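The next block holds one structure in the form of structure tokens; read it before the comments.
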Amino acid sequence: MAEHIDQPWLHRPQLQALLALLNDGEGEAKIAGGAVRNSLLDQPIADVDVATTLVPSEVVERLKSAGHKSVPTGIDHGTVTAIIDGDAYEVTTLRADVETDGRHATVVFGTDWEADARRRDLTMNALYLDADGTVFDPLGGMQDVLAARVVFIDDATQRIREDYLRILRFFRFFAWYGKFRPDADGLRACAREKDGLEGLSAERVWQELSKMLAAPDPVRAVLWMRQTGVLSKILPESENWGIDGIHPLIETEKERKWEPDAVLRLMAILPPMEERVASATERLKLPNSVRDRLLAWAQLELPAAKTKQEAFARFLYRTNNDQAVTDRLRLAIATSDADAKKRRRQLKWLKRWQRPILPVRGADLIAAGMEPGPAISERLSKMEERWIDSDFALSSEELLTGI
Ligand code: ATP
Ligand code: MG
């Protein structure tokens with residue numbers, strides 16, 4: 001079994017410089033978490049997190065004396081972001097949690113690598129890597145990662161009670177790295193402890209939910225979330241609607257080579273009704289861009305599948321929201337076999353479509369003799385309507401005649 005990792009990212013001079021700095025004299029540092037896990041799977045990594053036995057003030061001090069900047073990102077939790085020649089690395093001091101209320105842990109710093117591993121969530125996330133690529137695997141996470149087993153460290157219920165977000169992390173990591181059925185103990189514990197999700201901040205919930213939905217194929221994770229009642233806890237709007245839309249969407253994404261899109265996948269499990277969508281966006285405190293996109297999608301109605309190109313162009317112009325039309329079309333393509341071909345054609349029109357610009361402006365009306373004032377914009381709107389009805393053919397001369 002591989003106990004050595006050799007990946008281009010490990011050779012980055014900035015990372016090597018950071019590790020050398022922290023491993024000097026008293027002090028040890030290793031890469032921790034996702035970068036190790038993903039490298040064992042030969043998958044791309046998101047970011048490189050570093051764990052160290054040095055306390056945060058010492059980390060800051062060493063960076064400073066070597067001429068590097070640091071940002072006290074989460075200094076209370078022992079996290080400092082090291083900035084080295086344009087690279088950013090989160091450096092976190094080993095921890096041993098003493099107290100927890102299911103959301104916040106009181107943190108004491110430690111120097112014991114195995115204790116640090118035990119306070120993480122899943123065995124596959126309790127992996128470390130030395131600067132030379134040697135894997136340190138105190139809890140057997142490597143076997144689990146290679147066997148696609150997503151399992152909590154030690155007792156699942158206890159892990160969850162320390163931080164209920166771990167329920168969602170269990171499903172997120174299952175979506176990305178799991179195979180077969182989820183671990184039975186973990187699943188049971190998630191189902192039993194799901195009420196604890198109510199105490200989590202909306203931001204943390206969305207962060208995990210969106211990462212879960214962004215997995216290459218989150219269908220089974222979503223099904224298990226529904227099965228355990230976890231989905232209804234965080235997304236009750238999906239309950240009487242069904243989540244059956246997500247499976248055909250994933251299939252269609254693969255077939256049509258659409259990039260995985262967490263928000264589109266969320267749409268596939270939400271009813272396209274304004275109030276329900278509004279209630280979900282408020283409860284989950286979704287970022288404005290996501291909220292706006294969901295609401296526009298819920299409000300929009302597509303014209304019939306048989307709509308001709310000219311009428312469709314008029315619809316696009318009036319709607320003036322290509323994203324909402326794309327979302328509606330993609331979901332329609334995924335879910336309605338009968339119309340899929342016509343909807344695909346409309347999507348193609350949309351891609352090639354360029355929003356035409358009304359060839360008349362207020363200044364033209366004034367030049368033609370109209371008094372400046374509110375009548376101008378009224379007149380412009382009427383002209384715009386005539387122009388749209390002409391399929392954007394009328395020229396400025398034609399629009400301005402008879403003023
Ligand atoms: P990604 O590739 O998405 O960044 P990651 O494994 O690095 O995945 P992060 O959320 O960045 O995940 O967390 C980094 C590491 O910190 C995890 O691998 C895990 O060991 C630990 N961790 C993060 N959040 C928790 C949590 N809520 N409970 C326990 N351990 C956690
Ligand atoms: Mg990470």
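By convention in this document, the chains of the structure tokens carry letters A, B, ... by their order, each chain's residues are numbered from 1, and ligands are numbered from 1 in the order they are shown.
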
All residues 9 Å or closer to Glu193 of chain A, only C-alpha atoms, same chain fewer than 4 positions away omitted, as a ChimeraX atom specification:
/A:157,160-161,164,167,188-189,197

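Proximal residues of ligand 2 are Gly33, Gly34, Ala35, Ala46, Asp47, Val48 and Asp49 of chain A, by a cut-off of 8 Å on only C-alpha atoms and all ligand atoms.
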
Quick one: write out the picked residues with N, CA, C and O atoms as a short mmCIF file (atom, residue, chain, number, x, y, z; two decimals), in the first residue's frame?
data_model
loop_
_atom_site.label_atom_id
_atom_site.label_comp_id
_atom_site.auth_asym_id
_atom_site.auth_seq_id
_atom_site.Cartn_x
_atom_site.Cartn_y
_atom_site.Cartn_z
N GLY A 33 -5.33 16.68 6.27
CA GLY A 33 -6.70 16.76 5.73
C GLY A 33 -6.82 16.48 4.24
O GLY A 33 -6.17 15.60 3.68
N GLY A 34 -7.64 17.30 3.60
CA GLY A 34 -8.09 17.03 2.23
C GLY A 34 -7.01 16.82 1.18
O GLY A 34 -7.15 15.99 0.29
N ALA A 35 -5.91 17.57 1.30
CA ALA A 35 -4.86 17.46 0.28
C ALA A 35 -4.25 16.06 0.32
O ALA A 35 -3.92 15.49 -0.74
N ALA A 46 -8.04 20.86 -3.25
CA ALA A 46 -8.63 22.19 -3.14
C ALA A 46 -7.62 23.16 -2.57
O ALA A 46 -7.28 24.16 -3.18
N ASP A 47 -7.14 22.88 -1.39
CA ASP A 47 -6.17 23.77 -0.75
C ASP A 47 -5.27 22.92 0.14
O ASP A 47 -5.59 21.78 0.44
N VAL A 48 -4.14 23.48 0.51
CA VAL A 48 -3.20 22.73 1.34
C VAL A 48 -3.26 23.29 2.76
O VAL A 48 -2.97 24.46 2.98
N ASP A 49 -3.71 22.47 3.68
CA ASP A 49 -3.74 22.87 5.09
C ASP A 49 -2.56 22.24 5.81
O ASP A 49 -2.21 21.10 5.56
#

I want to know what sits within 12 Å of segment 300-306 of chain A, based on only C-alpha atoms, with residues of the same chain fewer than 6 positions away left out; could you give that as a JSON list (two decimals) with N, CA and C atoms, in the first residue's frame?
[["chain", "number", "residue", "atom", "x", "y", "z"],
["A", 272, "PRO", "N", -40.64, 24.44, -8.09],
["A", 272, "PRO", "CA", -40.43, 25.76, -8.68],
["A", 272, "PRO", "C", -41.55, 26.73, -8.31],
["A", 273, "MET", "N", -41.74, 26.94, -7.03],
["A", 273, "MET", "CA", -42.81, 27.83, -6.57],
["A", 273, "MET", "C", -42.17, 28.91, -5.74],
["A", 274, "GLU", "N", -42.58, 30.15, -6.06],
["A", 274, "GLU", "CA", -41.91, 31.29, -5.47],
["A", 274, "GLU", "C", -41.86, 31.25, -3.94],
["A", 293, "ARG", "N", -30.82, 34.01, -8.20],
["A", 293, "ARG", "CA", -30.91, 33.03, -9.28],
["A", 293, "ARG", "C", -32.07, 32.06, -9.04],
["A", 294, "LEU", "N", -32.23, 31.61, -7.80],
["A", 294, "LEU", "CA", -33.33, 30.70, -7.48],
["A", 294, "LEU", "C", -34.69, 31.36, -7.68],
["A", 312, "PHE", "N", -39.16, 33.12, -29.71],
["A", 312, "PHE", "CA", -38.27, 32.81, -28.60],
["A", 312, "PHE", "C", -37.29, 33.96, -28.35],
["A", 313, "ALA", "N", -36.83, 34.58, -29.43],
["A", 313, "ALA", "CA", -35.94, 35.73, -29.29],
["A", 313, "ALA", "C", -36.66, 36.89, -28.59],
["A", 314, "ARG", "N", -37.93, 37.07, -28.92],
["A", 314, "ARG", "CA", -38.70, 38.12, -28.24],
["A", 314, "ARG", "C", -38.84, 37.80, -26.76],
["A", 315, "PHE", "N", -39.06, 36.53, -26.45],
["A", 315, "PHE", "CA", -39.15, 36.10, -25.06],
["A", 315, "PHE", "C", -37.83, 36.35, -24.31],
["A", 316, "LEU", "N", -36.72, 36.04, -24.98],
["A", 316, "LEU", "CA", -35.41, 36.27, -24.35],
["A", 316, "LEU", "C", -35.19, 37.75, -24.06],
["A", 318, "ARG", "N", -37.45, 40.12, -23.65],
["A", 318, "ARG", "CA", -38.35, 40.61, -22.59],
["A", 318, "ARG", "C", -37.94, 40.08, -21.22],
["A", 319, "THR", "N", -37.50, 38.84, -21.18],
["A", 319, "THR", "CA", -37.12, 38.25, -19.89],
["A", 319, "THR", "C", -35.84, 38.88, -19.37],
["A", 320, "ASN", "N", -34.90, 39.10, -20.28],
["A", 320, "ASN", "CA", -33.64, 39.74, -19.91],
["A", 320, "ASN", "C", -32.96, 39.06, -18.73],
["A", 321, "ASN", "N", -33.00, 37.75, -18.73],
["A", 321, "ASN", "CA", -32.30, 37.01, -17.68],
["A", 321, "ASN", "C", -31.90, 35.65, -18.27],
["A", 322, "ASP", "N", -30.77, 35.63, -18.94],
["A", 322, "ASP", "CA", -30.34, 34.42, -19.64],
["A", 322, "ASP", "C", -30.10, 33.26, -18.69],
["A", 323, "GLN", "N", -29.63, 33.60, -17.48],
["A", 323, "GLN", "CA", -29.36, 32.54, -16.52],
["A", 323, "GLN", "C", -30.66, 31.80, -16.16],
["A", 324, "ALA", "N", -31.71, 32.57, -15.89],
["A", 324, "ALA", "CA", -32.98, 31.94, -15.51],
["A", 324, "ALA", "C", -33.52, 31.08, -16.65],
["A", 325, "VAL", "N", -33.39, 31.57, -17.88],
["A", 325, "VAL", "CA", -33.88, 30.80, -19.02],
["A", 325, "VAL", "C", -33.04, 29.53, -19.18],
["A", 326, "THR", "N", -31.73, 29.68, -19.03],
["A", 326, "THR", "CA", -30.85, 28.50, -19.12],
["A", 326, "THR", "C", -31.23, 27.46, -18.07],
["A", 327, "ASP", "N", -31.43, 27.92, -16.83],
["A", 327, "ASP", "CA", -31.78, 26.98, -15.76],
["A", 327, "ASP", "C", -33.07, 26.24, -16.08],
["A", 328, "ARG", "N", -34.07, 27.00, -16.51],
["A", 328, "ARG", "CA", -35.36, 26.37, -16.84],
["A", 328, "ARG", "C", -35.21, 25.37, -17.99],
["A", 329, "LEU", "N", -34.46, 25.79, -19.01],
["A", 329, "LEU", "CA", -34.30, 24.91, -20.18],
["A", 329, "LEU", "C", -33.54, 23.64, -19.81],
["A", 330, "ARG", "N", -32.47, 23.81, -19.04],
["A", 330, "ARG", "CA", -31.67, 22.63, -18.69],
["A", 330, "ARG", "C", -32.50, 21.62, -17.90],
["A", 331, "LEU", "N", -33.29, 22.14, -16.96],
["A", 331, "LEU", "CA", -34.11, 21.22, -16.17],
["A", 331, "LEU", "C", -35.20, 20.59, -17.04],
["A", 332, "ALA", "N", -35.72, 21.38, -17.96],
["A", 332, "ALA", "CA", -36.73, 20.82, -18.86],
["A", 332, "ALA", "C", -36.12, 19.73, -19.75],
["A", 333, "ILE", "N", -34.91, 19.98, -20.21],
["A", 333, "ILE", "CA", -34.24, 18.98, -21.04],
["A", 333, "ILE", "C", -34.01, 17.69, -20.25],
["A", 336, "SER", "N", -38.02, 16.26, -19.21],
["A", 336, "SER", "CA", -39.15, 15.97, -20.09],
["A", 336, "SER", "C", -38.67, 15.36, -21.40],
["A", 337, "ASP", "N", -38.74, 14.06, -21.46],
["A", 337, "ASP", "CA", -38.25, 13.36, -22.64],
["A", 337, "ASP", "C", -38.93, 13.82, -23.92],
["A", 338, "ALA", "N", -40.24, 14.06, -23.81],
["A", 338, "ALA", "CA", -41.02, 14.37, -25.01],
["A", 338, "ALA", "C", -40.53, 15.65, -25.68],
["A", 339, "ASP", "N", -40.19, 16.66, -24.85],
["A", 339, "ASP", "CA", -39.82, 17.96, -25.41],
["A", 339, "ASP", "C", -38.32, 18.19, -25.48],
["A", 340, "ALA", "N", -37.55, 17.24, -25.01],
["A", 340, "ALA", "CA", -36.11, 17.48, -24.82],
["A", 340, "ALA", "C", -35.44, 18.04, -26.08],
["A", 341, "LYS", "N", -35.81, 17.48, -27.22],
["A", 341, "LYS", "CA", -35.14, 17.89, -28.45],
["A", 341, "LYS", "C", -35.42, 19.36, -28.77],
["A", 342, "LYS", "N", -36.69, 19.73, -28.64],
["A", 342, "LYS", "CA", -37.05, 21.13, -28.92],
["A", 342, "LYS", "C", -36.42, 22.06, -27.90],
["A", 343, "ARG", "N", -36.37, 21.65, -26.64],
["A", 343, "ARG", "CA", -35.75, 22.48, -25.61],
["A", 343, "ARG", "C", -34.24, 22.62, -25.86],
["A", 344, "ARG", "N", -33.64, 21.58, -26.36],
["A", 344, "ARG", "CA", -32.21, 21.67, -26.67],
["A", 344, "ARG", "C", -31.96, 22.68, -27.77],
["A", 345, "ARG", "N", -32.88, 22.69, -28.72],
["A", 345, "ARG", "CA", -32.74, 23.66, -29.80],
["A", 345, "ARG", "C", -32.88, 25.07, -29.25],
["A", 346, "GLN", "N", -33.81, 25.27, -28.34],
["A", 346, "GLN", "CA", -33.97, 26.60, -27.75],
["A", 346, "GLN", "C", -32.72, 27.01, -26.97],
["A", 347, "LEU", "N", -32.13, 26.03, -26.30],
["A", 347, "LEU", "CA", -30.89, 26.33, -25.56],
["A", 347, "LEU", "C", -29.78, 26.76, -26.52]]

Leaving out segment 220-233 of chain A and any residue of its chain fewer than 6 positions from it, which residues lie within 6 Å of it when counting only C-alpha atoms, given as a VMD selection string?
chain A and resid 171 175 191 194 239

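Proximity of A:Trp349, A:Trp176, A:Tyr317, A:Trp241 to ligand 1, computed with only C-alpha atoms and all ligand atoms, is greatest for A:Trp176.
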
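Shortest atom-to-atom contact with Met142 of chain A among A:Leu40, A:Ile75, A:Leu286, A:Ala334: A:Leu40, counting only C-alpha atoms.
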
Secondary structure check, helix (DSSP H, G or I) residues of segment 57-154 of chain A, as a VMD selection string:
chain A and resid 57 to 65 75 to 77 113 to 118 123 to 125 141 to 146

May I have the residues within 8 Å of Val360 of chain A as a PyMOL selection string, using only C-alpha atoms and disregarding those fewer than 5 positions away in the same chain?
chain A and resi 365+380+396+399-400
